[in-house]
Each structure stands twice: as structure tokens, then as C-alpha cells.
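**Student:** Sharing a structure here in C-alpha cells format.
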Amino acid sequence: MTDEFDFDLSGFDEELQETLKKGREAFHGKYKSELTELMGLSREEIDQVTADTTDVETYDMLIEIVKDASAKNLAQAELKARIEKLGQLAIELGRRVPSVAKLLV
């Protein structure tokens with residue numbers, strides 16, 4: 001019997017460890033509370049900002065920006081600038097989270 005799926009798992013463990021390390025760094029970094037609150041937004045809260053599909057894409061990008069900023073301990077001004085580059089939708093989503101909203105003033 002032949003396998004229909006032939007997976008090359010070399011390097012998988014290293015990639016997994018790196019991904020887990022980045023996640024730990026983000027959730028233990030400077031913006032861990034902001035990240036936790038942001039990830040707690042419900043689909044209904046996100047949809048209140050806009051009902052089209054770009055809201056989820058922007059929400060995902062916003063989370064990635066905050067994760068990166070947390071892991072790298074970026075300055076608040078730099079995080080604010082990165083959120084603003086995502087556009088008005090990201091700013092509105094960020095304002096739904098009190099700890100992120102205070103960064104956006």
C-alpha cells in the first residue's frame with residue numbers, strides 16, 4: 001500500500017519551536033494585556049465596526065501588529081503609528097479595547 005500523502009517533516013520541529021517561542025514572547029511582552037484584551041473581542045463586537053469581510057482581515061493584522069510590538073517591546077508611539085498605518089478600521093477596532101484605545105489618543 002502506498003501513501004497518498006508524502007510529508008517531509010524535516011525542520012517541522014524547529015519551525016514549531018520558533019513559532020511557540022514567538023507566541024510566548026508576545027504574551028509575556030510589553031503589550032501582553034492589550035493583546036489579551038484584543039483577542040477577547042467577539043465576532044459581534046468586530047461586526048459592530050463594519051459588517052464586511054475586511055473587518056476580520058484587519059482584526060487579524062491588528063493582532064499580529066500588537067503581538068510583534070509586544071515581543072519586540074516597541075515604544076507606544078511606534079505601535080500607535082503601525083496601527084494607524086492599517087487604517088481607520090484598525091483604529092476603530094483598537095478603540096473597542098480600553099488598553100489599546102489609550103494608546104491611540
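Going by the C-alpha cells order, chains are called A, B, ..., each with residues numbered from 1, while ligands are numbered from 1 in the order shown.
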Excluding A:Leu89 and any residue of its chain fewer than 2 positions from it, enumerate the residues within 9 Å of it, using only C-alpha atoms, and give them as a ChimeraX atom specification.
**Tutor:** /A:49-50,54-55,58-59,86-87,91-94
**Student:** Residues within 12 Å of A:Met39, please, as a list in words. Count only C-alpha atoms; anything in the same chain fewer than 2 positions from it doesn't count.
**Tutor:**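 Answer for this query is Phe27, Lys32, Ser33, Glu34, Leu35, Thr36, Glu37, Leu41, Ser42, Arg43, Glu45, Ile46, Val56, Tyr59, Asp60, Met61, Leu62, Ile63, Glu64, Val66, Lys67, Leu93, Gly94, Arg96, Val97 and Val100 of chain A.
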**Student:** Among chain A, which residues carry a DSSP assignment of helix (DSSP H, G or I), reported as a PyMOL selection string?
**Tutor:** chain A and resi 12-28+32-39+43-49+54-72+76-86+88-95+98-104
**Student:** Near A:Gln76, within 12 Å and counting only C-alpha atoms, which residues show up once chain neighbours fewer than 2 positions away are dropped, as a ChimeraX atom specification?
**Tutor:** /A:30-31,34,66,69-70,72-74,78-83,99-105
